[in-house]
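Following: one structure in structure tokens, then a few remarks.
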Amino acid sequence: MTTKYGLSDVREQLLEGIKSAYPTKLECCRAAKVLGEDIFGSPKPHPNAVLNLFTEQGIKFALPFAAYRAGMGGFSSLMSDKPGTVLPRHALAFTIYGMETMRGGVAKLAHSVVRNMSVEDCSDEACWVNKGINPSERMEALEQIYDVMVKEGKGNVLSSDLSFENIVCVDCAKTPKEAYHLWCTMIWEELPGIFGVGESWEEV
């Protein structure tokens, strides 16, 4: 409507608010107080509806994170058939691909972290590292670390607020935190391509 009626100033103000909730930089994502569809207030729109809106209005800078938010809602949310939430086939395919890519990446990272930790030494008797490399115990630790990486931040796998201290000691927790931080930095740069929005952030 702001474009139709020539209200360019209003449009720019709206876009400024959107920029904070749909960031283009990882540090801005982690510093933001409000992310994604929460910026629109109540009633909160479905993430698919927001992705459709940004696509229709050509708000390209917000598309990667909007697609990410839609993907993190899960498969059942992506397949919503409510009015305004049905994604075009192209967007749906890329969002499903992006969702699976990110969750698959977290799973591989969790496996790598647990594998590396299983051969380390630790002086803290309560730490999981001291439980040895029993397969069932290793799988239990793997599932716990994966849950922390995926579920902390209410499904935001790019959240920096991760706590591994109830699984391993403070010293051993540094390993998964550092690995996760590196993974997040790398995956963020690839976010536009993962969700089929563009080759890079510069492009969008």
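By convention here, the chains of the structure tokens are called A, B, ... in the order presented, each chain's residues are numbered starting at 1, and ligands are numbered starting at 1 in the order presented.
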Excluding stretch 51-61 of chain A and residues on its chain fewer than 2 positions from it, collect all residues at most 12 Å away from it, counting only C-alpha atoms, and give them as a ChimeraX atom specification. /A:1-4,11-12,14-16,18-25,36-37,45-49,63-71,78,83-92,95,191-192,195-198,200-204
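The nearest approach to A:Gly74 among the residues A:Leu109, A:Val150, A:Ala141, A:Cys122, with only C-alpha atoms taken into account, belongs to A:Val150.
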In stretch 9-144 of chain A, what's alpha helix (DSSP H) per DSSP? Answer as a ChimeraX atom specification? /A:9-21,26-31,47-57,63-72,75-78,89-117,135-144
12 Å contact set for stretch 159-161 of chain A, only C-alpha atoms, chain neighbours under 6 positions out, as an MDAnalysis selection string: chainID A and resid 26:32 35 148:153 176:185 188
Two-atom distance - atom CA of A:Val50, atom CA of A:Ala62 (Å): 9.8 Å
All residues 10 Å or closer to stretch 171-174 of chain A, only C-alpha atoms, same chain fewer than 4 positions away omitted, as a VMD selection string: chain A and resid 117 120 to 124 127 to 129 162 to 167 178 to 180
Please dump the current selection as a PDB file, in the first residue's frame; keep N, CA and C atoms.
ATOM      1  N   MET A 117      35.191 -35.684  21.727  1.00  0.00           N
ATOM      2  CA  MET A 117      35.206 -35.631  23.186  1.00  0.00           C
ATOM      3  C   MET A 117      35.418 -37.005  23.801  1.00  0.00           C
ATOM      4  N   GLU A 120      39.027 -37.618  24.747  1.00  0.00           N
ATOM      5  CA  GLU A 120      39.683 -36.628  25.585  1.00  0.00           C
ATOM      6  C   GLU A 120      39.737 -37.097  27.037  1.00  0.00           C
ATOM      7  N   ASP A 121      40.579 -36.439  27.817  1.00  0.00           N
ATOM      8  CA  ASP A 121      40.675 -36.695  29.254  1.00  0.00           C
ATOM      9  C   ASP A 121      40.106 -35.503  30.008  1.00  0.00           C
ATOM     10  N   CYS A 122      39.498 -35.779  31.163  1.00  0.00           N
ATOM     11  CA  CYS A 122      38.921 -34.714  31.984  1.00  0.00           C
ATOM     12  C   CYS A 122      39.091 -35.080  33.451  1.00  0.00           C
ATOM     13  N   SER A 123      39.374 -34.090  34.274  1.00  0.00           N
ATOM     14  CA  SER A 123      39.593 -34.325  35.709  1.00  0.00           C
ATOM     15  C   SER A 123      38.293 -34.258  36.509  1.00  0.00           C
ATOM     16  N   ASP A 124      37.219 -33.809  35.878  1.00  0.00           N
ATOM     17  CA  ASP A 124      35.926 -33.690  36.564  1.00  0.00           C
ATOM     18  C   ASP A 124      35.184 -35.030  36.479  1.00  0.00           C
ATOM     19  N   CYS A 127      31.723 -35.197  34.794  1.00  0.00           N
ATOM     20  CA  CYS A 127      31.652 -34.871  33.374  1.00  0.00           C
ATOM     21  C   CYS A 127      31.394 -36.121  32.546  1.00  0.00           C
ATOM     22  N   TRP A 128      30.606 -35.984  31.475  1.00  0.00           N
ATOM     23  CA  TRP A 128      30.308 -37.116  30.607  1.00  0.00           C
ATOM     24  C   TRP A 128      31.568 -37.719  30.007  1.00  0.00           C
ATOM     25  N   VAL A 129      32.574 -36.915  29.758  1.00  0.00           N
ATOM     26  CA  VAL A 129      33.809 -37.400  29.142  1.00  0.00           C
ATOM     27  C   VAL A 129      34.409 -38.544  29.952  1.00  0.00           C
ATOM     28  N   LEU A 162      23.700 -21.197  24.234  1.00  0.00           N
ATOM     29  CA  LEU A 162      23.683 -22.644  24.384  1.00  0.00           C
ATOM     30  C   LEU A 162      24.348 -23.047  25.691  1.00  0.00           C
ATOM     31  N   SER A 163      23.748 -23.995  26.386  1.00  0.00           N
ATOM     32  CA  SER A 163      24.304 -24.447  27.656  1.00  0.00           C
ATOM     33  C   SER A 163      24.544 -25.951  27.617  1.00  0.00           C
ATOM     34  N   PHE A 164      25.823 -26.331  27.670  1.00  0.00           N
ATOM     35  CA  PHE A 164      26.194 -27.747  27.672  1.00  0.00           C
ATOM     36  C   PHE A 164      26.633 -28.200  29.066  1.00  0.00           C
ATOM     37  N   GLU A 165      26.565 -27.286  30.054  1.00  0.00           N
ATOM     38  CA  GLU A 165      27.125 -27.572  31.362  1.00  0.00           C
ATOM     39  C   GLU A 165      26.426 -28.713  32.092  1.00  0.00           C
ATOM     40  N   ASN A 166      25.158 -29.011  31.737  1.00  0.00           N
ATOM     41  CA  ASN A 166      24.484 -30.130  32.402  1.00  0.00           C
ATOM     42  C   ASN A 166      24.850 -31.462  31.760  1.00  0.00           C
ATOM     43  N   ILE A 167      25.655 -31.415  30.687  1.00  0.00           N
ATOM     44  CA  ILE A 167      26.096 -32.629  29.997  1.00  0.00           C
ATOM     45  C   ILE A 167      27.580 -32.872  30.267  1.00  0.00           C
ATOM     46  N   GLU A 178      32.679 -23.719  20.816  1.00  0.00           N
ATOM     47  CA  GLU A 178      33.551 -23.167  19.776  1.00  0.00           C
ATOM     48  C   GLU A 178      33.211 -23.760  18.414  1.00  0.00           C
ATOM     49  N   ALA A 179      32.966 -25.074  18.380  1.00  0.00           N
ATOM     50  CA  ALA A 179      32.617 -25.729  17.122  1.00  0.00           C
ATOM     51  C   ALA A 179      31.295 -25.204  16.593  1.00  0.00           C
ATOM     52  N   TYR A 180      30.353 -24.997  17.496  1.00  0.00           N
ATOM     53  CA  TYR A 180      29.038 -24.518  17.077  1.00  0.00           C
ATOM     54  C   TYR A 180      29.113 -23.077  16.566  1.00  0.00           C
TER      55      TYR A 180
END
Atom CA of A:Val157 and atom CA of A:Gln13 are how many Å apart?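 If I compute the distance from atom CA of A:Val157 to atom CA of A:Gln13, I get 29.1 Å.
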